[in-house]
Every structure is written in C-alpha cells, then in structure tokens.
file target.txt (compact mmCIF, C-alpha atoms and all ligand atoms)
# COMPACT_ATOMS: atom_id res chain seq x y z
CA MET G 4 -4.16 0.91 14.59
CA GLU G 5 -5.84 -0.60 17.65
CA GLU G 6 -2.42 -0.98 19.32
CA TRP G 7 -1.45 2.68 18.89
CA THR G 8 -1.40 4.23 22.34
CA ASN G 9 -0.10 7.70 21.44
CA VAL G 10 -2.91 8.60 19.00
CA SER G 11 -6.32 9.81 20.16
CA LYS G 12 -9.52 7.91 19.43
CA LYS G 13 -10.75 10.79 17.30
CA VAL G 14 -7.64 10.80 15.12
CA LYS G 15 -7.86 7.03 14.75
CA GLU G 16 -11.47 7.33 13.61
CA TYR G 17 -10.49 10.00 11.11
CA LEU G 18 -7.63 7.89 9.77
CA ALA G 19 -9.81 4.78 9.48
CA LYS G 20 -12.42 6.77 7.53
CA SER G 21 -9.95 8.54 5.26
CA PHE G 22 -7.37 5.89 4.43
CA ASP G 23 -7.34 2.28 3.38
CA PHE G 24 -4.90 0.27 5.48
CA THR G 25 -5.55 -3.14 3.95
CA LEU G 26 -2.65 -4.96 2.38
CA PRO G 27 -2.69 -7.37 -0.55
CA LYS G 28 -3.53 -10.85 0.70
CA ILE G 29 -1.07 -13.69 0.33
CA VAL G 30 -3.14 -16.52 -1.12
CA TRP G 31 -0.34 -18.94 -1.87
CA ASP G 32 3.27 -19.31 -0.87
CA GLY G 33 5.96 -21.71 -1.95
CA HIS G 34 9.48 -22.41 -0.77
CA SER G 35 12.17 -23.87 -3.00
CA LYS G 36 15.11 -25.92 -1.79
CA ASP G 37 17.60 -23.09 -2.30
CA GLY G 38 15.69 -20.75 0.01
CA THR G 39 13.83 -18.76 -2.65
CA ARG G 40 10.23 -18.07 -1.73
CA LYS G 41 7.39 -17.30 -4.04
CA PHE G 42 4.07 -15.65 -3.22
CA LEU G 43 0.80 -15.10 -5.00
CA LEU G 44 -0.90 -11.93 -3.76
CA ALA G 45 -4.53 -11.01 -4.29
CA MET G 46 -5.54 -7.36 -4.59
CA LYS G 47 -8.91 -6.04 -3.40
CA ASP G 48 -10.55 -6.86 -6.74
CA GLU G 49 -9.11 -10.39 -6.45
CA LYS G 50 -6.70 -9.85 -9.30
CA THR G 51 -3.44 -11.62 -8.47
CA VAL G 52 0.23 -10.85 -8.98
CA GLU G 53 3.33 -12.69 -7.91
CA CYS G 54 6.33 -11.77 -5.82
CA VAL G 55 9.56 -13.64 -5.24
CA VAL G 56 11.97 -13.33 -2.32
CA ILE G 57 15.55 -14.22 -3.17
CA ASP G 58 17.95 -14.98 -0.39
CA ALA G 59 21.64 -14.23 -1.03
CA PRO G 60 24.47 -13.63 1.41
CA GLY G 61 23.93 -10.23 3.04
CA ARG G 62 20.71 -9.41 1.24
CA LEU G 63 17.10 -10.42 0.94
CA THR G 64 15.59 -9.16 -2.30
CA LEU G 65 11.92 -8.77 -3.16
CA CYS G 66 11.09 -9.15 -6.83
CA ALA G 67 7.91 -7.06 -7.10
CA SER G 68 5.23 -6.69 -9.78
CA SER G 69 4.14 -3.38 -11.27
CA GLN G 70 1.08 -4.49 -13.26
CA VAL G 71 -1.41 -7.33 -13.48
CA GLY G 72 -0.16 -8.94 -16.70
CA CYS G 73 1.80 -6.91 -19.24
CA ALA G 74 1.02 -5.20 -22.54
CA ILE G 75 4.47 -5.55 -24.09
CA GLY G 76 4.02 -9.15 -25.23
CA CYS G 77 7.62 -10.40 -25.35
CA THR G 78 7.53 -13.77 -27.08
CA PHE G 79 9.73 -15.56 -24.50
CA CYS G 80 7.79 -14.33 -21.45
CA HIS G 81 4.87 -16.07 -19.83
CA THR G 82 3.44 -12.79 -18.55
CA GLY G 83 3.63 -11.49 -22.10
CA THR G 84 1.11 -14.12 -23.20
CA MET G 85 -1.44 -12.85 -20.66
CA GLY G 86 -1.83 -9.31 -21.96
CA LEU G 87 -2.38 -6.37 -19.62
CA THR G 88 -5.26 -6.57 -17.16
CA ARG G 89 -4.52 -3.33 -15.28
CA HIS G 90 -1.87 -1.16 -13.67
CA LEU G 91 -1.19 -1.60 -9.96
CA ASP G 92 -1.65 1.55 -7.91
CA SER G 93 1.18 2.78 -5.71
CA SER G 94 -0.29 1.25 -2.53
CA GLU G 95 -0.56 -2.14 -4.24
CA ILE G 96 3.14 -1.91 -5.12
CA THR G 97 4.36 -0.87 -1.67
CA GLY G 98 1.73 -3.27 -0.25
CA GLN G 99 3.62 -6.22 -1.77
CA TYR G 100 6.70 -5.20 0.21
CA MET G 101 4.70 -4.79 3.41
CA ALA G 102 2.61 -7.93 3.06
CA VAL G 103 5.66 -10.09 2.33
CA SER G 104 7.63 -8.44 5.20
CA HIS G 105 4.81 -9.24 7.64
CA TRP G 106 4.56 -12.77 6.35
CA LEU G 107 8.30 -13.33 6.82
CA HIS G 108 8.13 -11.90 10.35
CA ASN G 109 5.19 -14.07 11.29
CA ASN G 110 6.24 -17.27 9.57
CA VAL G 111 10.04 -17.30 9.46
CA SER G 112 11.73 -14.88 11.84
CA ARG G 113 11.11 -11.46 13.32
CA ASP G 114 14.74 -10.59 12.49
CA LEU G 115 14.27 -10.97 8.74
CA ARG G 116 14.25 -7.72 6.79
CA LEU G 117 13.86 -7.25 3.06
CA THR G 118 16.95 -5.28 2.03
CA ASN G 119 16.48 -4.82 -1.73
CA LEU G 120 13.68 -4.51 -4.24
CA VAL G 121 13.73 -5.19 -7.98
CA TYR G 122 10.84 -4.40 -10.31
CA MET G 123 11.21 -7.70 -12.15
CA GLY G 124 7.94 -9.44 -11.39
CA GLN G 125 4.90 -9.08 -13.64
CA GLY G 126 4.53 -5.99 -15.72
CA GLU G 127 6.49 -3.20 -17.38
CA PRO G 128 7.21 -0.65 -14.63
CA LEU G 129 7.72 2.28 -17.00
CA HIS G 130 4.30 1.64 -18.57
CA ASN G 131 2.94 2.46 -15.11
CA PHE G 132 5.33 5.38 -14.59
CA GLU G 133 3.45 7.59 -12.10
CA ASN G 134 2.35 4.81 -9.73
CA VAL G 135 5.77 3.16 -9.75
CA LYS G 136 7.36 6.56 -9.15
CA ILE G 137 5.16 7.29 -6.11
CA ALA G 138 5.71 3.78 -4.76
CA THR G 139 9.47 4.14 -5.19
CA HIS G 140 9.45 7.43 -3.26
CA ILE G 141 7.57 5.72 -0.40
CA LEU G 142 9.98 2.76 -0.49
CA MET G 143 12.94 5.14 -0.27
CA GLU G 144 11.52 7.61 2.24
CA PRO G 145 13.35 7.25 5.59
CA LYS G 146 10.00 7.63 7.40
CA GLY G 147 8.43 5.27 4.87
CA LEU G 148 10.03 1.92 4.12
CA GLY G 149 13.58 3.26 4.27
CA LEU G 150 15.29 1.50 1.35
CA GLY G 151 18.34 3.25 -0.10
CA GLN G 152 18.32 4.22 -3.78
CA ARG G 153 21.06 1.69 -4.52
CA LYS G 154 18.85 -1.03 -3.08
CA ILE G 155 16.15 -0.60 -5.72
CA THR G 156 16.42 -1.68 -9.36
CA LEU G 157 13.95 -0.86 -12.11
CA SER G 158 14.00 -3.19 -15.09
CA THR G 159 12.50 -2.04 -18.39
CA SER G 160 11.91 -3.56 -21.79
CA GLY G 161 12.90 -0.22 -23.32
CA MET G 162 9.96 2.24 -23.35
CA VAL G 163 11.84 5.10 -24.95
CA PRO G 164 9.62 8.11 -24.00
CA GLN G 165 9.62 7.02 -20.34
CA ILE G 166 13.37 6.32 -20.33
CA GLU G 167 13.76 9.92 -21.49
CA LYS G 168 11.79 10.98 -18.39
CA LEU G 169 14.01 9.11 -15.91
CA ALA G 170 15.57 12.38 -14.74
CA ASP G 171 12.13 12.87 -13.14
CA PHE G 172 12.28 9.51 -11.33
CA PRO G 173 14.10 8.65 -8.08
CA PRO G 174 17.74 7.79 -8.93
CA VAL G 175 17.48 4.00 -8.57
CA ASN G 176 19.54 1.39 -10.45
CA ILE G 177 18.38 0.87 -14.01
CA ALA G 178 18.35 -2.45 -15.84
CA ILE G 179 17.53 -2.63 -19.54
CA SER G 180 16.13 -5.86 -20.93
CA LEU G 181 18.24 -5.94 -24.08
CA HIS G 182 18.18 -9.66 -24.98
CA ALA G 183 19.55 -9.12 -28.49
CA ALA G 184 22.23 -7.03 -30.15
CA HIS G 185 20.62 -7.00 -33.59
CA ASP G 186 17.26 -5.44 -34.46
CA LYS G 187 15.99 -8.48 -36.36
CA VAL G 188 16.45 -10.81 -33.40
CA ARG G 189 15.25 -8.24 -30.85
CA THR G 190 12.05 -7.61 -32.81
CA GLU G 191 11.44 -11.35 -32.90
CA LEU G 192 11.72 -11.48 -29.10
CA MET G 193 10.27 -8.11 -28.16
CA PRO G 194 7.59 -6.47 -30.34
CA ILE G 195 8.41 -3.11 -28.69
CA ASN G 196 11.57 -3.11 -30.81
CA LYS G 197 9.45 -2.43 -33.91
CA VAL G 198 8.66 1.00 -32.49
CA TYR G 199 11.72 1.67 -30.35
CA ASP G 200 14.57 -0.03 -32.17
CA LEU G 201 18.13 -0.30 -30.89
CA ARG G 202 19.16 3.07 -32.31
CA ARG G 203 16.28 4.87 -30.57
CA LEU G 204 16.75 2.84 -27.40
CA PHE G 205 20.42 3.73 -27.05
CA ALA G 206 19.75 7.39 -27.88
CA ALA G 207 17.27 7.40 -24.94
CA ILE G 208 19.69 5.52 -22.65
CA SER G 209 22.30 8.22 -23.26
CA THR G 210 19.92 10.71 -21.58
CA ILE G 211 19.75 8.76 -18.29
CA PRO G 212 21.48 10.77 -15.57
CA LEU G 213 24.17 8.45 -14.21
CA LYS G 214 26.08 9.31 -11.05
CA SER G 215 29.84 8.74 -11.39
CA HIS G 216 30.94 5.10 -11.39
CA ARG G 217 27.35 3.92 -11.73
CA LYS G 218 26.67 1.53 -14.58
CA ILE G 219 23.51 0.46 -16.35
CA THR G 220 22.77 -3.25 -16.20
CA TYR G 221 21.87 -4.93 -19.48
CA GLU G 222 19.84 -8.08 -19.06
CA TYR G 223 20.42 -10.61 -21.79
CA ILE G 224 18.37 -13.79 -21.90
CA LEU G 225 20.42 -16.53 -23.55
CA ILE G 226 18.28 -18.60 -25.91
CA LYS G 227 19.66 -21.63 -27.74
CA ASP G 228 20.62 -20.96 -31.38
CA LEU G 229 18.89 -17.58 -31.32
CA ASN G 230 21.18 -15.10 -29.59
CA ASP G 231 24.04 -17.22 -28.26
CA GLN G 232 26.55 -16.99 -31.15
CA MET G 233 29.80 -15.08 -31.77
CA THR G 234 27.95 -12.50 -33.93
CA ASP G 235 25.81 -11.69 -30.88
CA ILE G 236 28.88 -11.10 -28.73
CA GLU G 237 30.31 -8.85 -31.43
CA GLY G 238 27.02 -6.95 -31.65
CA LEU G 239 26.99 -6.46 -27.87
CA CYS G 240 30.54 -5.12 -27.95
CA GLU G 241 29.55 -2.60 -30.60
CA LEU G 242 26.51 -1.43 -28.61
CA LEU G 243 27.82 -1.32 -25.06
CA LYS G 244 30.52 0.91 -23.60
CA ILE G 245 32.69 -1.12 -21.21
CA SER G 246 32.93 1.68 -18.64
CA GLU G 247 29.16 2.27 -18.41
CA SER G 248 27.72 -1.23 -18.71
CA LYS G 249 27.20 -4.36 -16.69
CA ILE G 250 25.89 -7.41 -18.51
CA ASN G 251 23.67 -9.89 -16.70
CA LEU G 252 23.19 -13.09 -18.66
CA ILE G 253 19.95 -14.94 -17.88
CA PRO G 254 19.80 -18.51 -19.17
CA PHE G 255 16.30 -18.85 -20.66
CA ASN G 256 13.91 -20.33 -18.17
CA GLU G 257 12.08 -23.02 -20.09
CA TYR G 258 8.35 -23.61 -19.68
CA PRO G 259 6.10 -26.09 -21.48
CA GLU G 260 4.24 -23.64 -23.76
CA SER G 261 7.45 -22.12 -25.14
CA ALA G 262 9.48 -23.43 -28.06
CA PHE G 263 12.60 -21.54 -26.90
CA LYS G 264 15.35 -23.55 -25.24
CA ARG G 265 18.12 -22.78 -22.80
CA PRO G 266 21.66 -23.14 -24.26
CA SER G 267 24.03 -25.75 -22.80
CA ASP G 268 26.01 -24.82 -19.69
CA ARG G 269 29.12 -24.90 -21.88
CA THR G 270 27.72 -22.28 -24.28
CA ILE G 271 26.58 -20.07 -21.38
CA LYS G 272 30.06 -20.21 -19.83
CA TRP G 273 31.74 -19.52 -23.20
CA PHE G 274 29.46 -16.51 -23.80
CA GLN G 275 30.25 -15.07 -20.38
CA ASP G 276 33.99 -15.79 -20.55
CA THR G 277 34.29 -14.14 -23.97
CA LEU G 278 32.61 -10.95 -22.70
CA LEU G 279 34.82 -10.98 -19.60
CA GLN G 280 37.91 -11.33 -21.80
CA ARG G 281 36.75 -8.29 -23.74
CA GLY G 282 36.74 -6.31 -20.49
CA TYR G 283 33.03 -6.24 -19.56
CA VAL G 284 31.59 -6.77 -16.12
CA CYS G 285 29.47 -9.81 -16.90
CA THR G 286 27.59 -12.15 -14.58
CA THR G 287 25.32 -15.10 -15.20
CA ARG G 288 22.14 -15.21 -13.15
CA VAL G 289 21.93 -18.43 -11.21
CA THR G 290 18.55 -19.96 -11.82
CA LYS G 291 17.00 -20.12 -8.39
CA GLY G 292 14.16 -22.31 -7.30
CA ASP G 293 14.09 -23.75 -10.82
CA ASP G 294 11.49 -21.42 -12.28
CA ILE G 295 11.75 -18.56 -9.86
CA LEU G 296 13.86 -15.65 -10.91
CA ALA G 297 12.61 -15.20 -14.39
CA ALA G 298 9.32 -16.69 -13.42
CA CYS G 299 7.57 -13.64 -14.65
CA GLY G 300 3.94 -14.77 -14.85
CA GLN G 301 4.64 -18.40 -14.37
CA LEU G 302 2.34 -18.70 -11.39
CA LYS G 303 -0.47 -18.66 -13.90
CA SER G 304 -0.22 -22.44 -13.83
CA ILE G 305 0.13 -22.53 -10.09
CA LYS G 306 -1.55 -25.88 -9.54
CA GLU G 307 0.89 -27.65 -11.85
CA LYS G 308 3.77 -26.01 -10.06
CA VAL G 309 2.72 -26.93 -6.55
CA ASN G 310 4.23 -30.40 -6.77
CA SER G 311 7.68 -29.07 -7.53
CA TRP G 312 7.84 -27.01 -4.34
CA ASP G 313 8.65 -28.02 -0.80
CA GLN G 314 5.85 -27.56 1.70
CA PRO G 315 3.56 -25.37 -0.35
CA SER G 316 0.50 -24.13 1.48
CA LEU G 317 -2.68 -23.38 -0.39
CA GLU G 318 -4.57 -21.07 1.91
CA ASN G 319 -7.52 -20.26 -0.28
N1 LIG I 401 8.95 -5.81 -17.82
C1 LIG I 401 10.23 -5.57 -17.30
C2 LIG I 401 10.44 -6.14 -15.92
C3 LIG I 401 9.82 -7.48 -15.63
S1 LIG I 401 10.48 -8.84 -16.49
C4 LIG I 401 11.31 -6.05 -18.25
O1 LIG I 401 10.98 -6.75 -19.20
O2 LIG I 401 12.45 -5.70 -18.04
C5 LIG I 401 11.96 -9.16 -15.55
C6 LIG I 401 13.03 -9.96 -16.32
O3 LIG I 401 12.63 -11.32 -16.49
C7 LIG I 401 13.26 -9.38 -17.72
O4 LIG I 401 14.62 -9.20 -18.00
C8 LIG I 401 12.64 -10.47 -18.57
O5 LIG I 401 13.16 -10.41 -19.84
C9 LIG I 401 12.96 -11.73 -17.79
N2 LIG I 401 12.21 -12.91 -18.23
C10 LIG I 401 10.90 -13.00 -18.56
N3 LIG I 401 10.60 -14.27 -18.94
C11 LIG I 401 11.74 -14.99 -18.85
C12 LIG I 401 12.08 -16.36 -19.09
N4 LIG I 401 11.19 -17.25 -19.49
N5 LIG I 401 13.36 -16.76 -18.88
C13 LIG I 401 14.30 -15.86 -18.43
N6 LIG I 401 14.03 -14.56 -18.18
C14 LIG I 401 12.77 -14.12 -18.38
FE1 LIG I 402 6.33 -7.57 -20.10
FE2 LIG I 402 8.85 -7.71 -19.18
FE3 LIG I 402 7.46 -9.97 -19.77
FE4 LIG I 402 8.29 -8.36 -21.73
S1 LIG I 402 9.60 -9.51 -20.29
S2 LIG I 402 6.24 -9.26 -21.55
S3 LIG I 402 8.07 -6.35 -20.80
S4 LIG I 402 6.99 -8.49 -18.17

call {"tool": "encode", "arguments": {"input": "target.txt", "output": "structure tokens"}}
result
Amino acid sequence: MEEWTNVSKKVKEYLAKSFDFTLPKIVWDGHSKDGTRKFLLAMKDEKTVECVVIDAPGRLTLCASSQVGCAIGCTFCHTGTMGLTRHLDSSEITGQYMAVSHWLHNNVSRDLRLTNLVYMGQGEPLHNFENVKIATHILMEPKGLGLGQRKITLSTSGMVPQIEKLADFPPVNIAISLHAAHDKVRTELMPINKVYDLRRLFAAISTIPLKSHRKITYEYILIKDLNDQMTDIEGLCELLKISESKINLIPFNEYPESAFKRPSDRTIKWFQDTLLQRGYVCTTRVTKGDDILAACGQLKSIKEKVNSWDQPSLEN
C-alpha cells in the first residue's frame, strides 16, 4: 500500500485498519526436474497447506488446497489419513494464488503468470462450499484475479447435496473423483460412497447445468488388481455417457504407508486404449515431479521428501 500514489493517506489508514492484506507465507518450496514446483504455505495460525504449480505448454496451473486436511478419509489418499483440521477461508484460498504468483515473479521471472487453477490440493472443496464459492468469484472477477471460468476446475469426491447446489456456483469445469465403477470397490476406496453411492451420485450429476459441448471429467485412479480389470472398463461404459464425459486416468501415486500399488505401464495403456476404442475421450495423467500431481497431503513427510528434490530451500 505504501507505493500507492493515487490514494490519500486517510484512505490508506482506513484500509489498513479495516482489512487484512497479509498473504499466506511460503515456508518451503521444491522444484522437480520436469519443472513442477511445490510449495508449503503457512496460514496466520501456522497451519500449513500445500500448493503445486504444473508447467505445461501454454499454461501454468496452480493446484490449490481448500481445507487443512480432509474429512472424507479416502483410503488411498495421504490427506485422508490426516482428518480435517479446518476449512480455509476465502482469502486463504485466493491468497495461495497471490502468494505463489508473487513468489514466481520474484524468484523465476516477472513474465510468469498462473493461467489455470484446479482445486486438487488438500481438502474437499464442496465441503467448504461457501468459502470456495467466494474465492472462485474473486479468482474469476476481471477486477480481481481475472481467470476465465474455463481456466478453473473443481474436483470433488462426490458430495451429493453440494453437487445438487452447483447451479448456485460459478460455472467452472467440474471433475468427479470416481475411481471405481462398482459400489463395492468405490466404498472400499471412498467411505463417502456408503452414504452417496453411485446411483445417488449420478442422479446428482445429472442436475449439473452443463453448457453445450462441455463435458464432466471423471478422475479414475488406477490401482493394481483393484480397479484395473475388464469388468471395471465395462462398468465405466455402463455409467458414463460418451458425449458428456471425459475420463482422466491417474496411475496411483505410491507412498510408503500405503499398501496400494500402481499397475504396470502396459496395463495402464491397455485400460486407456480400450476406453478410447469404445469412443471415450480418455487421457492418462503423466505423473509429474514423481509425487507431485496426486501428492495430496504428501508434504506431511516433507523432511523425507527434501532429498528427492532439486535445490529445495528450507526457509523456516
Ligand atoms: N478432494 C477432492 C479434491 C482433492 S484430491 C477430490 O477428491 O476430488 C485431488 C485428486 O487427487 C483426486 O482425484 C484424488 O483422488 C487424487 N489423489 C489423492 N491421492 C492420490 C494418490 N495417492 N495417487 C493418485 N491420485 C491421488
Ligand atoms: Fe479428501 Fe480428496 Fe483426499 Fe478423498 S481424495 S481424502 S476427498 S482430499
């Protein structure tokens, strides 16, 4: 504010008294060989969340967190083992975008601009509906952070009552963490499926207002011998309409405390090819920075991870 020359001293004093301009503090950053960057951000109460920046041709995507921890408790997810500590407020969500933008400007290049945001860090964004909604409005507001609605993706584990309220949410891209095509397997992976099973989930999805030609993305973690068989492909084909669905396969990101394994590259390719042959738009997420993209909560063991990163800096 000190640098503002077109605002009177009185107004500045009023603003300083009335608003909090502090941003989350970056307490750790890491850089993987493929260009992916990871950050640990501390909020005012010193609770930390993680953010990842993924570099791809023509876009620079921030993977932001919506909560400290997560209450949903998916059995494959490191964040799920932490439980929920608290929701992030809207300024802590937009603050991740701003803090990381400043960091990139100051440490990499002034020309770098985050172009996309995905709510795929820690937390279940629809469990924190109101704060994520306000933050998304600020992110999209031309006089705010100016991201287009197609540049933002909200990923949810399938909170049915909130999915039914999506008409009351900015029209961003929606990704559903499906991960299984059969209730038995989905319940094993995601306890939320006990309450909101596949039938209820798809009834809610059918209420999402979709602009023409827009598709919903279905995220599907591929886990060895658990959901990587022909019966799973057949189940997916029964559940998903080709014209309204995109499938994003995510090879399971292994971590020491988990008994789940990633299938072989051959199985992953076979799974994708079979869905493509059946007419689906289907991509496989390239695992970036080893444990980055799906690294939901994996900074918990930050000290062990430090060695696997290039030039990490521990600031605090
Ligand atoms: N809570 C929301 C968004 C955050 S999780 C949701 O579940 O959709 C973002 C994505 O990372 C989800 O699709 C989640 O299933 C995936 N993920 C979590 N742990 C993972 C792991 N170990 N390997 C691969 N993907 C993982
Ligand atoms: Fe929560 Fe998503 Fe992790 Fe499930 S996958 S525990 S919903 S963050």

call {"tool": "closest_residue", "arguments": {"input": "target.txt", "among": "G:Phe172, G:Phe24, G:Trp273, G:Tyr122", "to": "ligand LIG 401 (chain I)", "atoms": "all atoms listed in the file"}}
result
G:Tyr122

call {"tool": "atom_distance", "arguments": {"input": "target.txt", "atom1": "CA of His34 in chain G", "atom2": "CA of Thr78 in chain G"}}
result
27.8 Å

call {"tool": "axis_aligned_box", "arguments": {"input": "target.txt", "around": "ligand LIG 401 (chain I)", "padding_each_side": "3 Å", "output": "JSON"}}
result
{"center_x": 11.8, "center_y": -11.4, "center_z": -17.7, "size_x": 11.7, "size_y": 17.7, "size_z": 10.3}

call {"tool": "closest_atom_pairs", "arguments": {"input": "target.txt", "of": "chain G", "to": "ligand LIG 401 (chain I)", "cutoff": "7 Å", "atoms": "only C-alpha atoms and all ligand atoms", "output": "tab-separated table"}}
result
residue	atom	partner	partner_atom	distance
G:Phe79	CA	I:LIG401	N4	5.5
G:Cys80	CA	I:LIG401	N3	3.8
G:His81	CA	I:LIG401	N3	6.1
G:Tyr122	CA	I:LIG401	C2	5.9
G:Met123	CA	I:LIG401	C3	3.8
G:Gly124	CA	I:LIG401	C3	5.0
G:Gln125	CA	I:LIG401	C3	5.5
G:Gly126	CA	I:LIG401	N1	4.9
G:Glu127	CA	I:LIG401	N1	3.6
G:Pro128	CA	I:LIG401	N1	6.3
G:Ser158	CA	I:LIG401	O2	4.2
G:Thr159	CA	I:LIG401	O2	3.7
G:Ser160	CA	I:LIG401	O1	4.2
G:Ile179	CA	I:LIG401	O2	6.1
G:Ser180	CA	I:LIG401	O2	4.7
G:Glu222	CA	I:LIG401	O4	5.4
G:Ile224	CA	I:LIG401	C13	5.7
G:Ile253	CA	I:LIG401	C13	5.8
G:Pro254	CA	I:LIG401	C13	6.1
G:Phe255	CA	I:LIG401	N5	4.0
G:Asn256	CA	I:LIG401	N5	3.7
G:Glu257	CA	I:LIG401	N4	5.9
G:Tyr258	CA	I:LIG401	N4	7.0
G:Ala297	CA	I:LIG401	N6	4.1
G:Ala298	CA	I:LIG401	N3	6.2
G:Cys299	CA	I:LIG401	C10	5.2

call {"tool": "closest_residue", "arguments": {"input": "target.txt", "among": "G:Ala262, G:Ala178, G:Val103, G:Val14", "to": "Thr64 in chain G", "atoms": "only C-alpha atoms"}}
result
G:Val103

call {"tool": "closest_residue", "arguments": {"input": "target.txt", "among": "G:Ser69, G:Asp186, G:Asp231, G:Gln152", "to": "Lys264 in chain G", "atoms": "only C-alpha atoms"}}
result
G:Asp231

call {"tool": "atom_distance", "arguments": {"input": "target.txt", "atom1": "CA of Val121 in chain G", "atom2": "CA of Cys66 in chain G"}}
result
4.9 Å

call {"tool": "atom_distance", "arguments": {"input": "target.txt", "atom1": "CA of Ile137 in chain G", "atom2": "CA of Glu95 in chain G"}}
result
11.2 Å

call {"tool": "closest_residue", "arguments": {"input": "target.txt", "among": "G:Ile75, G:Leu26, G:Ile57, G:Leu148", "to": "Thr190 in chain G", "atoms": "all atoms listed in the file"}}
result
G:Ile75

call {"tool": "closest_residue", "arguments": {"input": "target.txt", "among": "G:Lys197, G:Arg281, G:Lys136, G:His90", "to": "Leu239 in chain G", "atoms": "only C-alpha atoms"}}
result
G:Arg281

call {"tool": "residues_near_point", "arguments": {"input": "target.txt", "point": "(18.1, 2.3, -29.9)", "cutoff": "12 Å", "atoms": "only C-alpha atoms", "output": "MDAnalysis selection string"}}
result
chainID G and resid 160:164 166 179 181 183:186 189:190 195:210 242:243

call {"tool": "residues_around", "arguments": {"input": "target.txt", "residues": "Phe42 in chain G", "least_positions_apart": "3", "cutoff": "6 Å", "atoms": "only C-alpha atoms", "output": "ChimeraX atom specification"}}
result
/G:31-32,53-54

call {"tool": "write_last_selection", "arguments": {"input": "target.txt", "atoms": "C-alpha atoms", "output": "PDB file, keeping the file's coordinate frame"}}
result
ATOM      1  CA  TRP G  31      -0.340 -18.940  -1.870  1.00  0.00           C
ATOM      2  CA  ASP G  32       3.270 -19.310  -0.870  1.00  0.00           C
ATOM      3  CA  GLU G  53       3.330 -12.690  -7.910  1.00  0.00           C
ATOM      4  CA  CYS G  54       6.330 -11.770  -5.820  1.00  0.00           C
TER       5      CYS G  54
END

call {"tool": "closest_residue", "arguments": {"input": "target.txt", "among": "G:Leu129, G:Leu213, G:Leu169, G:Ile177", "to": "ligand LIG 402 (chain I)", "atoms": "only C-alpha atoms and all ligand atoms"}}
result
G:Leu129

call {"tool": "residues_around", "arguments": {"input": "target.txt", "residues": "Ile29 in chain G", "least_positions_apart": "3", "cutoff": "7 Å", "atoms": "only C-alpha atoms", "output": "list in words"}}
result
Phe42, Leu43, Leu44 and Ala45 of chain G

call {"tool": "write_last_selection", "arguments": {"input": "target.txt", "atoms": "C-alpha atoms", "output": "compact mmCIF listing (two decimals), keeping the file's coordinate frame"}}
result
# COMPACT_ATOMS: atom_id res chain seq x y z
CA PHE G 42 4.07 -15.65 -3.22
CA LEU G 43 0.80 -15.10 -5.00
CA LEU G 44 -0.90 -11.93 -3.76
CA ALA G 45 -4.53 -11.01 -4.29

call {"tool": "residues_around", "arguments": {"input": "target.txt", "residues": "Asp171 in chain G", "least_positions_apart": "3", "cutoff": "12 Å", "atoms": "all atoms listed in the file", "output": "PyMOL selection string"}}
result
chain G and resi 132-133+136-137+140+165-168+174-175+210-212

call {"tool": "residues_around", "arguments": {"input": "target.txt", "residues": "Cys73 in chain G", "least_positions_apart": "5", "cutoff": "6 Å", "atoms": "only C-alpha atoms", "output": "MDAnalysis selection string"}}
result
chainID G and resid 83 86:87 126

call {"tool": "residues_around", "arguments": {"input": "target.txt", "residues": "Asn176 in chain G", "least_positions_apart": "3", "cutoff": "8 Å", "atoms": "all atoms listed in the file", "output": "PDB file with C-alpha atoms, in the frame of the given file"}}
result
ATOM      1  CA  GLN G 152      18.320   4.220  -3.780  1.00  0.00           C
ATOM      2  CA  ARG G 153      21.060   1.690  -4.520  1.00  0.00           C
ATOM      3  CA  LYS G 154      18.850  -1.030  -3.080  1.00  0.00           C
ATOM      4  CA  ILE G 155      16.150  -0.600  -5.720  1.00  0.00           C
ATOM      5  CA  THR G 156      16.420  -1.680  -9.360  1.00  0.00           C
ATOM      6  CA  LEU G 157      13.950  -0.860 -12.110  1.00  0.00           C
ATOM      7  CA  ILE G 219      23.510   0.460 -16.350  1.00  0.00           C
TER       8      ILE G 219
END

call {"tool": "residues_near_point", "arguments": {"input": "target.txt", "point": "(-2.6, 0.3, 9.4)", "cutoff": "8 Å", "atoms": "all atoms listed in the file", "output": "MDAnalysis selection string"}}
result
chainID G and resid 4 23:25

call {"tool": "decode", "arguments": {"input": "target.txt", "residues": "range 146-156 of chain G", "atoms": "N, CA, C and O atoms", "output": "mmCIF file, in the first residue's frame"}}
result
data_model
loop_
_atom_site.group_PDB
_atom_site.id
_atom_site.type_symbol
_atom_site.label_atom_id
_atom_site.label_comp_id
_atom_site.auth_asym_id
_atom_site.auth_seq_id
_atom_site.Cartn_x
_atom_site.Cartn_y
_atom_site.Cartn_z
ATOM 1 N N LYS G 146 -11.803 -7.563 -12.312
ATOM 2 C CA LYS G 146 -11.023 -6.619 -11.489
ATOM 3 C C LYS G 146 -10.374 -7.335 -10.306
ATOM 4 O O LYS G 146 -9.741 -6.704 -9.457
ATOM 5 N N GLY G 147 -10.610 -8.633 -10.208
ATOM 6 C CA GLY G 147 -9.954 -9.431 -9.168
ATOM 7 C C GLY G 147 -8.749 -10.096 -9.790
ATOM 8 O O GLY G 147 -7.849 -9.421 -10.286
ATOM 9 N N LEU G 148 -8.767 -11.440 -9.845
ATOM 10 C CA LEU G 148 -7.580 -12.119 -10.373
ATOM 11 C C LEU G 148 -7.737 -12.492 -11.844
ATOM 12 O O LEU G 148 -6.791 -12.961 -12.475
ATOM 13 N N GLY G 149 -8.945 -12.299 -12.381
ATOM 14 C CA GLY G 149 -9.127 -12.328 -13.834
ATOM 15 C C GLY G 149 -8.969 -13.665 -14.542
ATOM 16 O O GLY G 149 -8.615 -13.696 -15.720
ATOM 17 N N LEU G 150 -9.246 -14.771 -13.845
ATOM 18 C CA LEU G 150 -9.173 -16.073 -14.539
ATOM 19 C C LEU G 150 -10.525 -16.372 -15.191
ATOM 20 O O LEU G 150 -11.568 -16.150 -14.587
ATOM 21 N N GLY G 151 -10.504 -16.920 -16.391
ATOM 22 C CA GLY G 151 -11.765 -17.279 -17.052
ATOM 23 C C GLY G 151 -12.362 -18.527 -16.423
ATOM 24 O O GLY G 151 -11.651 -19.336 -15.818
ATOM 25 N N GLN G 152 -13.691 -18.701 -16.575
ATOM 26 C CA GLN G 152 -14.345 -19.851 -15.943
ATOM 27 C C GLN G 152 -13.822 -21.187 -16.465
ATOM 28 O O GLN G 152 -13.807 -22.185 -15.751
ATOM 29 N N ARG G 153 -13.370 -21.204 -17.714
ATOM 30 C CA ARG G 153 -12.822 -22.445 -18.267
ATOM 31 C C ARG G 153 -11.418 -22.746 -17.746
ATOM 32 O O ARG G 153 -10.843 -23.786 -18.046
ATOM 33 N N LYS G 154 -10.858 -21.795 -17.026
ATOM 34 C CA LYS G 154 -9.490 -21.967 -16.529
ATOM 35 C C LYS G 154 -9.477 -22.523 -15.106
ATOM 36 O O LYS G 154 -8.437 -22.672 -14.494
ATOM 37 N N ILE G 155 -10.679 -22.728 -14.554
ATOM 38 C CA ILE G 155 -10.765 -23.203 -13.169
ATOM 39 C C ILE G 155 -11.477 -24.557 -13.146
ATOM 40 O O ILE G 155 -12.494 -24.732 -13.821
ATOM 41 N N THR G 156 -10.936 -25.503 -12.394
ATOM 42 C CA THR G 156 -11.571 -26.819 -12.290
ATOM 43 C C THR G 156 -11.743 -27.186 -10.822
ATOM 44 O O THR G 156 -10.806 -27.093 -10.026
#
